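A.B. asks: Got a file for you: input.csv, CSV, N, CA and C atoms.
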```
chain,number,residue,atom,x,y,z
Z,1,MET,N,0.8,-1.2,0.0
Z,1,MET,CA,0.0,0.0,0.0
Z,1,MET,C,0.9,1.2,0.0
Z,2,MET,N,0.6,2.2,-0.8
Z,2,MET,CA,1.3,3.4,-0.9
Z,2,MET,C,0.6,4.6,-0.2
Z,3,MET,N,1.2,5.2,0.7
Z,3,MET,CA,0.7,6.4,1.3
Z,3,MET,C,1.6,7.6,0.9
Z,4,CYS,N,1.0,8.7,0.4
Z,4,CYS,CA,1.8,9.8,0.0
Z,4,CYS,C,1.5,11.0,0.7
Z,5,ARG,N,2.5,11.9,0.8
Z,5,ARG,CA,2.4,13.2,1.4
Z,5,ARG,C,2.6,14.2,0.2
Z,6,PRO,N,2.3,15.5,0.4
Z,6,PRO,CA,2.5,16.4,-0.7
Z,6,PRO,C,4.0,16.4,-1.1
Z,7,PRO,N,4.3,16.4,-2.4
Z,7,PRO,CA,5.7,16.3,-2.8
Z,7,PRO,C,6.4,17.6,-2.6
Z,8,ARG,N,7.7,17.5,-2.4
Z,8,ARG,CA,8.5,18.7,-2.1
Z,8,ARG,C,9.0,19.3,-3.4
Z,9,SER,N,9.1,18.6,-4.4
Z,9,SER,CA,9.7,19.2,-5.7
Z,9,SER,C,8.6,19.6,-6.6
Z,10,LYS,N,8.8,20.7,-7.3
Z,10,LYS,CA,7.8,21.1,-8.3
Z,10,LYS,C,8.0,20.4,-9.6
Z,11,ASN,N,9.1,19.7,-9.8
Z,11,ASN,CA,9.4,19.0,-11.1
Z,11,ASN,C,9.2,17.5,-10.9
Z,12,ILE,N,8.0,17.1,-10.7
Z,12,ILE,CA,7.7,15.7,-10.5
Z,12,ILE,C,7.2,15.1,-11.8
Z,13,ALA,N,7.7,14.0,-12.2
Z,13,ALA,CA,7.2,13.3,-13.3
Z,13,ALA,C,7.0,11.9,-12.9
Z,14,CYS,N,6.1,11.2,-13.5
Z,14,CYS,CA,5.7,9.8,-13.1
Z,14,CYS,C,6.6,8.9,-14.0
Z,15,ARG,N,7.9,8.9,-13.6
Z,15,ARG,CA,8.8,8.0,-14.4
Z,15,ARG,C,9.5,7.1,-13.4
Z,16,ASN,N,9.8,5.9,-13.9
Z,16,ASN,CA,10.6,5.0,-13.2
Z,16,ASN,C,11.2,4.0,-14.2
Z,17,GLU,N,11.7,2.9,-13.7
Z,17,GLU,CA,12.4,2.0,-14.6
Z,17,GLU,C,11.5,1.0,-15.3
Z,18,VAL,N,10.2,1.1,-15.1
Z,18,VAL,CA,9.3,0.2,-15.7
Z,18,VAL,C,9.1,0.5,-17.2
Z,19,LYS,N,9.1,-0.5,-18.0
Z,19,LYS,CA,8.9,-0.3,-19.5
Z,19,LYS,C,7.5,-0.2,-19.8
Z,20,GLY,N,7.1,0.7,-20.7
Z,20,GLY,CA,5.8,0.8,-21.1
Z,20,GLY,C,5.0,1.9,-20.4
Z,21,GLU,N,4.4,2.8,-21.2
Z,21,GLU,CA,3.7,4.0,-20.7
Z,21,GLU,C,2.6,3.6,-19.7
Z,22,SER,N,1.8,2.6,-20.1
Z,22,SER,CA,0.7,2.3,-19.2
Z,22,SER,C,1.1,1.8,-17.8
Z,23,ALA,N,2.2,1.1,-17.7
Z,23,ALA,CA,2.7,0.6,-16.4
Z,23,ALA,C,3.1,1.8,-15.6
Z,24,ILE,N,3.7,2.8,-16.2
Z,24,ILE,CA,4.2,3.9,-15.4
Z,24,ILE,C,3.0,4.8,-15.0
Z,25,GLU,N,2.1,5.1,-16.0
Z,25,GLU,CA,1.0,5.9,-15.7
Z,25,GLU,C,0.0,5.3,-14.7
Z,26,ARG,N,0.0,4.0,-14.5
Z,26,ARG,CA,-0.9,3.3,-13.6
Z,26,ARG,C,-0.3,2.8,-12.4
Z,27,SER,N,1.0,3.2,-12.1
Z,27,SER,CA,1.7,2.8,-10.9
Z,27,SER,C,1.0,3.5,-9.7
Z,28,ASP,N,1.0,2.8,-8.6
Z,28,ASP,CA,0.4,3.4,-7.4
Z,28,ASP,C,1.1,4.7,-7.0
Z,29,THR,N,2.4,4.8,-7.1
Z,29,THR,CA,3.1,6.0,-6.8
Z,29,THR,C,2.6,7.2,-7.7
Z,30,CYS,N,2.5,6.9,-9.0
Z,30,CYS,CA,2.1,8.0,-9.9
Z,30,CYS,C,0.6,8.4,-9.6
Z,31,ILE,N,-0.3,7.4,-9.4
Z,31,ILE,CA,-1.7,7.7,-9.1
Z,31,ILE,C,-1.8,8.5,-7.8
Z,32,CYS,N,-1.0,8.1,-6.8
Z,32,CYS,CA,-1.0,8.9,-5.5
Z,32,CYS,C,-0.6,10.4,-5.8
Z,33,LEU,N,0.4,10.6,-6.5
Z,33,LEU,CA,0.8,12.0,-6.8
Z,33,LEU,C,-0.3,12.7,-7.6
Z,34,LYS,N,-0.9,12.1,-8.6
Z,34,LYS,CA,-1.9,12.7,-9.3
Z,34,LYS,C,-3.1,13.0,-8.5
Z,35,VAL,N,-3.5,12.1,-7.5
Z,35,VAL,CA,-4.6,12.4,-6.6
Z,35,VAL,C,-4.3,13.6,-5.7
Z,36,LYS,N,-3.1,13.7,-5.2
Z,36,LYS,CA,-2.7,14.8,-4.3
Z,36,LYS,C,-2.8,16.1,-5.1
Z,37,PHE,N,-2.2,16.1,-6.3
Z,37,PHE,CA,-2.3,17.3,-7.1
Z,37,PHE,C,-3.7,17.7,-7.4
Z,38,ALA,N,-4.6,16.7,-7.7
Z,38,ALA,CA,-6.0,17.0,-8.1
Z,38,ALA,C,-6.6,17.7,-6.9
Z,39,LEU,N,-6.4,17.1,-5.7
Z,39,LEU,CA,-7.0,17.7,-4.5
Z,39,LEU,C,-6.5,19.1,-4.2
Z,40,LEU,N,-5.2,19.3,-4.4
Z,40,LEU,CA,-4.6,20.6,-4.2
Z,40,LEU,C,-5.1,21.6,-5.2
Z,41,PHE,N,-5.3,21.2,-6.4
Z,41,PHE,CA,-5.7,22.1,-7.5
Z,41,PHE,C,-7.1,22.6,-7.3
Z,42,HIS,N,-8.0,21.8,-6.8
Z,42,HIS,CA,-9.4,22.2,-6.6
Z,42,HIS,C,-9.5,22.9,-5.3
Z,43,LEU,N,-9.8,24.2,-5.3
Z,43,LEU,CA,-9.8,25.0,-4.1
Z,43,LEU,C,-10.8,24.6,-3.1
Z,44,ASN,N,-11.9,24.0,-3.6
Z,44,ASN,CA,-13.0,23.7,-2.6
Z,44,ASN,C,-12.8,22.4,-1.9
Z,45,VAL,N,-11.7,21.7,-2.2
Z,45,VAL,CA,-11.3,20.4,-1.5
Z,45,VAL,C,-9.9,20.6,-1.0
Z,46,THR,N,-9.7,20.2,0.3
Z,46,THR,CA,-8.3,20.4,0.8
Z,46,THR,C,-7.5,19.1,0.6
Z,47,GLY,N,-6.3,19.3,0.0
Z,47,GLY,CA,-5.4,18.2,-0.2
Z,47,GLY,C,-4.4,18.1,0.9
Z,48,PHE,N,-4.2,19.2,1.7
Z,48,PHE,CA,-3.2,19.1,2.8
Z,48,PHE,C,-3.7,18.3,4.0
Z,49,ASP,N,-4.9,18.2,4.2
Z,49,ASP,CA,-5.5,17.5,5.4
Z,49,ASP,C,-6.0,16.1,5.0
Z,50,THR,N,-5.7,15.7,3.8
Z,50,THR,CA,-6.2,14.4,3.3
Z,50,THR,C,-5.1,13.4,3.1
Z,51,ASP,N,-5.2,12.3,3.8
Z,51,ASP,CA,-4.2,11.2,3.5
Z,51,ASP,C,-4.7,10.4,2.4
Z,52,VAL,N,-3.8,10.1,1.5
Z,52,VAL,CA,-4.1,9.3,0.3
Z,52,VAL,C,-3.4,8.0,0.3
Z,53,LEU,N,-4.1,6.9,0.2
Z,53,LEU,CA,-3.5,5.6,0.2
Z,53,LEU,C,-3.9,4.9,-1.1
Z,54,VAL,N,-2.9,4.3,-1.8
Z,54,VAL,CA,-3.2,3.6,-3.1
Z,54,VAL,C,-2.6,2.2,-3.1
Z,55,LYS,N,-3.4,1.3,-3.4
Z,55,LYS,CA,-3.0,-0.1,-3.5
Z,55,LYS,C,-3.7,-0.7,-4.8
Z,56,ASP,N,-2.8,-1.1,-5.7
Z,56,ASP,CA,-3.3,-1.7,-7.0
Z,56,ASP,C,-4.4,-0.8,-7.7
Z,57,GLY,N,-4.2,0.5,-7.7
Z,57,GLY,CA,-5.2,1.4,-8.3
Z,57,GLY,C,-6.4,1.7,-7.5
Z,58,VAL,N,-6.5,1.2,-6.3
Z,58,VAL,CA,-7.7,1.5,-5.4
Z,58,VAL,C,-7.2,2.6,-4.5
Z,59,VAL,N,-7.9,3.7,-4.6
Z,59,VAL,CA,-7.5,4.9,-3.8
Z,59,VAL,C,-8.4,5.0,-2.6
Z,60,THR,N,-7.8,5.2,-1.4
Z,60,THR,CA,-8.5,5.4,-0.2
Z,60,THR,C,-8.1,6.8,0.4
Z,61,LEU,N,-9.2,7.6,0.7
Z,61,LEU,CA,-9.0,8.9,1.3
Z,61,LEU,C,-9.4,8.9,2.7
Z,62,LYS,N,-8.5,9.5,3.6
Z,62,LYS,CA,-8.8,9.6,5.0
Z,62,LYS,C,-8.5,11.1,5.4
Z,63,GLY,N,-9.3,11.6,6.2
Z,63,GLY,CA,-9.2,13.0,6.7
Z,63,GLY,C,-10.5,13.6,6.9
Z,64,THR,N,-10.6,14.9,6.8
Z,64,THR,CA,-11.8,15.7,7.0
Z,64,THR,C,-12.2,16.5,5.8
Z,65,ALA,N,-13.4,16.5,5.4
Z,65,ALA,CA,-13.9,17.4,4.3
Z,65,ALA,C,-14.7,18.5,5.0
Z,66,GLY,N,-14.7,19.6,4.4
Z,66,GLY,CA,-15.4,20.8,4.9
Z,66,GLY,C,-16.9,20.6,5.0
Z,67,ASN,N,-17.5,19.9,4.0
Z,67,ASN,CA,-18.9,19.6,4.0
Z,67,ASN,C,-19.2,18.4,3.1
Z,68,PRO,N,-20.4,17.9,3.1
Z,68,PRO,CA,-20.7,16.7,2.3
Z,68,PRO,C,-20.5,16.9,0.8
Z,69,GLU,N,-20.7,18.1,0.3
Z,69,GLU,CA,-20.4,18.4,-1.1
Z,69,GLU,C,-19.0,18.2,-1.5
Z,70,HIS,N,-18.1,18.7,-0.6
Z,70,HIS,CA,-16.6,18.6,-0.8
Z,70,HIS,C,-16.2,17.1,-0.8
Z,71,LYS,N,-16.8,16.4,0.1
Z,71,LYS,CA,-16.5,14.9,0.1
Z,71,LYS,C,-16.9,14.2,-1.2
Z,72,SER,N,-18.1,14.5,-1.7
Z,72,SER,CA,-18.5,13.8,-3.0
Z,72,SER,C,-17.7,14.4,-4.1
Z,73,GLN,N,-17.3,15.6,-4.1
Z,73,GLN,CA,-16.5,16.2,-5.2
Z,73,GLN,C,-15.1,15.6,-5.3
Z,74,SER,N,-14.6,15.3,-4.1
Z,74,SER,CA,-13.3,14.6,-4.0
Z,74,SER,C,-13.3,13.3,-4.8
Z,75,THR,N,-14.4,12.5,-4.6
Z,75,THR,CA,-14.5,11.2,-5.3
Z,75,THR,C,-14.6,11.4,-6.8
Z,76,GLU,N,-15.4,12.4,-7.2
Z,76,GLU,CA,-15.6,12.7,-8.6
Z,76,GLU,C,-14.3,13.0,-9.3
Z,77,TYR,N,-13.5,13.9,-8.6
Z,77,TYR,CA,-12.2,14.3,-9.2
Z,77,TYR,C,-11.2,13.1,-9.4
Z,78,ILE,N,-11.2,12.3,-8.4
Z,78,ILE,CA,-10.3,11.2,-8.4
Z,78,ILE,C,-10.7,10.1,-9.4
Z,79,ARG,N,-12.0,9.9,-9.6
Z,79,ARG,CA,-12.4,8.9,-10.6
Z,79,ARG,C,-12.0,9.2,-12.0
Z,80,GLU,N,-11.7,10.5,-12.3
Z,80,GLU,CA,-11.3,10.9,-13.6
Z,80,GLU,C,-9.8,10.7,-13.9
Z,81,ILE,N,-9.0,10.3,-12.9
Z,81,ILE,CA,-7.6,10.1,-13.0
Z,81,ILE,C,-7.3,8.7,-13.6
Z,82,ALA,N,-6.5,8.7,-14.6
Z,82,ALA,CA,-6.1,7.4,-15.3
Z,82,ALA,C,-5.5,6.4,-14.3
Z,83,GLY,N,-5.9,5.2,-14.3
Z,83,GLY,CA,-5.3,4.2,-13.5
Z,83,GLY,C,-6.1,3.9,-12.2
Z,84,VAL,N,-7.0,4.8,-11.9
Z,84,VAL,CA,-7.8,4.6,-10.6
Z,84,VAL,C,-8.9,3.6,-11.0
Z,85,ARG,N,-8.9,2.5,-10.2
Z,85,ARG,CA,-10.0,1.5,-10.4
Z,85,ARG,C,-11.1,1.7,-9.5
Z,86,GLU,N,-10.9,2.2,-8.3
Z,86,GLU,CA,-12.0,2.4,-7.3
Z,86,GLU,C,-11.5,3.5,-6.3
Z,87,VAL,N,-12.5,4.1,-5.7
Z,87,VAL,CA,-12.3,5.2,-4.7
Z,87,VAL,C,-13.0,4.8,-3.4
Z,88,ASN,N,-12.3,4.6,-2.3
Z,88,ASN,CA,-12.9,4.5,-1.0
Z,88,ASN,C,-12.8,5.8,-0.3
Z,89,ASN,N,-13.8,6.5,-0.2
Z,89,ASN,CA,-13.8,7.9,0.4
Z,89,ASN,C,-14.2,7.7,1.8
Z,90,LEU,N,-13.2,7.7,2.7
Z,90,LEU,CA,-13.4,7.6,4.2
Z,90,LEU,C,-13.3,9.0,4.9
Z,91,LEU,N,-13.4,10.0,4.1
Z,91,LEU,CA,-13.4,11.4,4.7
Z,91,LEU,C,-14.6,11.6,5.6
Z,92,SER,N,-14.3,12.2,6.8
Z,92,SER,CA,-15.4,12.5,7.6
Z,92,SER,C,-15.7,14.0,7.3
Z,93,VAL,N,-16.9,14.4,7.6
Z,93,VAL,CA,-17.4,15.7,7.3
Z,93,VAL,C,-17.3,16.6,8.6
Z,94,ALA,N,-16.7,17.7,8.5
Z,94,ALA,CA,-16.5,18.6,9.6
Z,94,ALA,C,-17.9,19.1,10.0
Z,95,SER,N,-18.1,19.3,11.3
Z,95,SER,CA,-19.4,19.9,11.8
Z,95,SER,C,-19.4,21.4,11.4
Z,96,ALA,N,-20.6,21.9,11.2
Z,96,ALA,CA,-20.7,23.4,10.9
Z,96,ALA,C,-20.0,24.2,11.9
Z,97,LYS,N,-20.2,23.9,13.2
Z,97,LYS,CA,-19.5,24.7,14.3
Z,97,LYS,C,-18.0,24.7,14.2
Z,98,ALA,N,-17.5,23.5,13.9
Z,98,ALA,CA,-16.0,23.4,13.8
Z,98,ALA,C,-15.5,24.3,12.6
Z,99,GLU,N,-16.3,24.3,11.5
Z,99,GLU,CA,-15.9,25.1,10.3
Z,99,GLU,C,-16.0,26.5,10.7
Z,100,ASP,N,-17.1,27.0,11.4
Z,100,ASP,CA,-17.2,28.4,11.8
Z,100,ASP,C,-16.1,28.8,12.7
Z,101,ASP,N,-15.7,27.9,13.6
Z,101,ASP,CA,-14.5,28.2,14.5
Z,101,ASP,C,-13.3,28.4,13.8
Z,102,ARG,N,-13.0,27.5,12.8
Z,102,ARG,CA,-11.8,27.6,12.0
Z,102,ARG,C,-11.8,28.9,11.2
Z,103,ILE,N,-12.9,29.3,10.6
Z,103,ILE,CA,-13.0,30.5,9.8
Z,103,ILE,C,-12.7,31.7,10.8
Z,104,ALA,N,-13.3,31.7,12.0
Z,104,ALA,CA,-13.2,32.8,12.9
Z,104,ALA,C,-11.7,33.0,13.3
Z,105,CYS,N,-11.0,31.9,13.4
Z,105,CYS,CA,-9.6,31.9,13.9
Z,105,CYS,C,-8.7,32.4,12.7
Z,106,THR,N,-9.0,32.2,11.5
Z,106,THR,CA,-8.2,32.5,10.4
Z,106,THR,C,-8.6,33.8,9.8
Z,107,GLY,N,-9.8,34.3,10.0
Z,107,GLY,CA,-10.3,35.5,9.3
Z,107,GLY,C,-10.1,36.8,10.0
```
Before anything else, please render the file you have as structure tokens.
C.D. replies:
Amino acid sequence: MMMCRPPRSKNIACRNEVKGESAIERSDTCICLKVKFALLFHLNVTGFDTDVLVKDGVVTLKGTAGNPEHKSQSTEYIREIAGVREVNNLLSVASAKAEDDRIACTG
């Protein structure tokens, strides 16, 4: 099982010693990086507070989503990534009060 954190380098490519484009593009490491970038790219979904685990193309998300819509959008974004066979979205939804407290502290 592959668990990834946000990459440190901006020049990340999904390359390794495996022959054939489909093997590289569908590797768990590459899928994990694509998922993290997709979550970071979409401003309505947080990629920093989400753990991404990938095993044989099956993506599991753990963490907290801001609301139910963000949780479902995460699944939709990830399903569009090449090599993803299944998405197990285990994100919990933050309570409205916790979200209000977070906004009050940062705003």
A.B. asks: Give the answer as one residue: which of Z:Leu53, Z:Lys36, Z:Ser95, Z:Ile31 has the shortest atom-to-atom distance to Gly83 of chain Z, using all atoms listed in the file?
C.D. replies: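 Under the stated criterion, the closest residue is Z:Ile31.
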A.B. asks: Here is a test: counting only C-alpha atoms, which residue of Z:Thr50, Z:Leu90, Z:Ala38, Z:Val58 is nearest to Ile78 of chain Z?
C.D. replies: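 So, comparing all the options, the nearest one is Z:Ala38.
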A.B. asks: What does the distance between atom CA of Pro68 of chain Z and atom CA of Val93 of chain Z come to in Å, to one decimal place?
C.D. replies: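 Atom CA of Val93 of chain Z lies 6.1 Å from atom CA of Pro68 of chain Z.
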A.B. asks: Work out how far atom C of Ser92 of chain Z is from atom C of Thr64 of chain Z, in Å to one decimal.
C.D. replies: 4.6 Å
A.B. asks: Record the distance separating atom C of Asp28 of chain Z and atom CA of Gly66 of chain Z, expressed in Å with one decimal.
C.D. replies: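 Result for atom C of Asp28 of chain Z versus atom CA of Gly66 of chain Z: 25.9 Å, one decimal.
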A.B. asks: Using only C-alpha atoms - which residues lie no farther than 10 Å from the point (-11.9, -0.9, -1.8) in the file's frame? Write them as a list in words.
C.D. replies: Val54, Lys55, Gly57, Val58, Val59, Thr60, Arg85, Glu86, Val87, Asn88 and Asn89 of chain Z
A.B. asks: Give me, as a PDB file with N, CA and C atoms, in the frame of the given file, the residues of segment 55-89 of chain Z that a backbone DSSP run labels alpha helix (DSSP H).
C.D. replies:
```pdb
ATOM      1  N   PRO Z  68     -20.400  17.900   3.100  1.00  0.00           N
ATOM      2  CA  PRO Z  68     -20.700  16.700   2.300  1.00  0.00           C
ATOM      3  C   PRO Z  68     -20.500  16.900   0.800  1.00  0.00           C
ATOM      4  N   GLU Z  69     -20.700  18.100   0.300  1.00  0.00           N
ATOM      5  CA  GLU Z  69     -20.400  18.400  -1.100  1.00  0.00           C
ATOM      6  C   GLU Z  69     -19.000  18.200  -1.500  1.00  0.00           C
ATOM      7  N   HIS Z  70     -18.100  18.700  -0.600  1.00  0.00           N
ATOM      8  CA  HIS Z  70     -16.600  18.600  -0.800  1.00  0.00           C
ATOM      9  C   HIS Z  70     -16.200  17.100  -0.800  1.00  0.00           C
ATOM     10  N   LYS Z  71     -16.800  16.400   0.100  1.00  0.00           N
ATOM     11  CA  LYS Z  71     -16.500  14.900   0.100  1.00  0.00           C
ATOM     12  C   LYS Z  71     -16.900  14.200  -1.200  1.00  0.00           C
ATOM     13  N   SER Z  72     -18.100  14.500  -1.700  1.00  0.00           N
ATOM     14  CA  SER Z  72     -18.500  13.800  -3.000  1.00  0.00           C
ATOM     15  C   SER Z  72     -17.700  14.400  -4.100  1.00  0.00           C
ATOM     16  N   GLN Z  73     -17.300  15.600  -4.100  1.00  0.00           N
ATOM     17  CA  GLN Z  73     -16.500  16.200  -5.200  1.00  0.00           C
ATOM     18  C   GLN Z  73     -15.100  15.600  -5.300  1.00  0.00           C
ATOM     19  N   SER Z  74     -14.600  15.300  -4.100  1.00  0.00           N
ATOM     20  CA  SER Z  74     -13.300  14.600  -4.000  1.00  0.00           C
ATOM     21  C   SER Z  74     -13.300  13.300  -4.800  1.00  0.00           C
ATOM     22  N   THR Z  75     -14.400  12.500  -4.600  1.00  0.00           N
ATOM     23  CA  THR Z  75     -14.500  11.200  -5.300  1.00  0.00           C
ATOM     24  C   THR Z  75     -14.600  11.400  -6.800  1.00  0.00           C
ATOM     25  N   GLU Z  76     -15.400  12.400  -7.200  1.00  0.00           N
ATOM     26  CA  GLU Z  76     -15.600  12.700  -8.600  1.00  0.00           C
ATOM     27  C   GLU Z  76     -14.300  13.000  -9.300  1.00  0.00           C
ATOM     28  N   TYR Z  77     -13.500  13.900  -8.600  1.00  0.00           N
ATOM     29  CA  TYR Z  77     -12.200  14.300  -9.200  1.00  0.00           C
ATOM     30  C   TYR Z  77     -11.200  13.100  -9.400  1.00  0.00           C
ATOM     31  N   ILE Z  78     -11.200  12.300  -8.400  1.00  0.00           N
ATOM     32  CA  ILE Z  78     -10.300  11.200  -8.400  1.00  0.00           C
ATOM     33  C   ILE Z  78     -10.700  10.100  -9.400  1.00  0.00           C
ATOM     34  N   ARG Z  79     -12.000   9.900  -9.600  1.00  0.00           N
ATOM     35  CA  ARG Z  79     -12.400   8.900 -10.600  1.00  0.00           C
ATOM     36  C   ARG Z  79     -12.000   9.200 -12.000  1.00  0.00           C
TER      37      ARG Z  79
END
```
A.B. asks: I need the residues in segment 31-101 of chain Z that are strand (DSSP E) according to DSSP; give them as a list in words.
C.D. replies: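 Result set for segment 31-101 of chain Z (strand (DSSP E)): Thr50, Asp51, Val52, Leu53, Val54, Lys55, Val58, Val59, Thr60, Leu61, Lys62, Gly63, Thr64, Ala65, Glu86, Val87, Asn88, Asn89, Ser92 and Val93 of chain Z.
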A.B. asks: Generate a file of the selected residues that holds N, CA and C atoms, formatted as a CSV table (one decimal), in the frame of the given file.
C.D. replies:
```
chain,number,residue,atom,x,y,z
Z,50,THR,N,-5.7,15.7,3.8
Z,50,THR,CA,-6.2,14.4,3.3
Z,50,THR,C,-5.1,13.4,3.1
Z,51,ASP,N,-5.2,12.3,3.8
Z,51,ASP,CA,-4.2,11.2,3.5
Z,51,ASP,C,-4.7,10.4,2.4
Z,52,VAL,N,-3.8,10.1,1.5
Z,52,VAL,CA,-4.1,9.3,0.3
Z,52,VAL,C,-3.4,8.0,0.3
Z,53,LEU,N,-4.1,6.9,0.2
Z,53,LEU,CA,-3.5,5.6,0.2
Z,53,LEU,C,-3.9,4.9,-1.1
Z,54,VAL,N,-2.9,4.3,-1.8
Z,54,VAL,CA,-3.2,3.6,-3.1
Z,54,VAL,C,-2.6,2.2,-3.1
Z,55,LYS,N,-3.4,1.3,-3.4
Z,55,LYS,CA,-3.0,-0.1,-3.5
Z,55,LYS,C,-3.7,-0.7,-4.8
Z,58,VAL,N,-6.5,1.2,-6.3
Z,58,VAL,CA,-7.7,1.5,-5.4
Z,58,VAL,C,-7.2,2.6,-4.5
Z,59,VAL,N,-7.9,3.7,-4.6
Z,59,VAL,CA,-7.5,4.9,-3.8
Z,59,VAL,C,-8.4,5.0,-2.6
Z,60,THR,N,-7.8,5.2,-1.4
Z,60,THR,CA,-8.5,5.4,-0.2
Z,60,THR,C,-8.1,6.8,0.4
Z,61,LEU,N,-9.2,7.6,0.7
Z,61,LEU,CA,-9.0,8.9,1.3
Z,61,LEU,C,-9.4,8.9,2.7
Z,62,LYS,N,-8.5,9.5,3.6
Z,62,LYS,CA,-8.8,9.6,5.0
Z,62,LYS,C,-8.5,11.1,5.4
Z,63,GLY,N,-9.3,11.6,6.2
Z,63,GLY,CA,-9.2,13.0,6.7
Z,63,GLY,C,-10.5,13.6,6.9
Z,64,THR,N,-10.6,14.9,6.8
Z,64,THR,CA,-11.8,15.7,7.0
Z,64,THR,C,-12.2,16.5,5.8
Z,65,ALA,N,-13.4,16.5,5.4
Z,65,ALA,CA,-13.9,17.4,4.3
Z,65,ALA,C,-14.7,18.5,5.0
Z,86,GLU,N,-10.9,2.2,-8.3
Z,86,GLU,CA,-12.0,2.4,-7.3
Z,86,GLU,C,-11.5,3.5,-6.3
Z,87,VAL,N,-12.5,4.1,-5.7
Z,87,VAL,CA,-12.3,5.2,-4.7
Z,87,VAL,C,-13.0,4.8,-3.4
Z,88,ASN,N,-12.3,4.6,-2.3
Z,88,ASN,CA,-12.9,4.5,-1.0
Z,88,ASN,C,-12.8,5.8,-0.3
Z,89,ASN,N,-13.8,6.5,-0.2
Z,89,ASN,CA,-13.8,7.9,0.4
Z,89,ASN,C,-14.2,7.7,1.8
Z,92,SER,N,-14.3,12.2,6.8
Z,92,SER,CA,-15.4,12.5,7.6
Z,92,SER,C,-15.7,14.0,7.3
Z,93,VAL,N,-16.9,14.4,7.6
Z,93,VAL,CA,-17.4,15.7,7.3
Z,93,VAL,C,-17.3,16.6,8.6
```
A.B. asks: From the list Z:Val84, Z:Ala94, Z:Cys30, Z:Ala65, which residue is nearest Phe48 of chain Z when using only C-alpha atoms?
C.D. replies: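 Distance minimum relative to Phe48 of chain Z lands on Z:Ala65.
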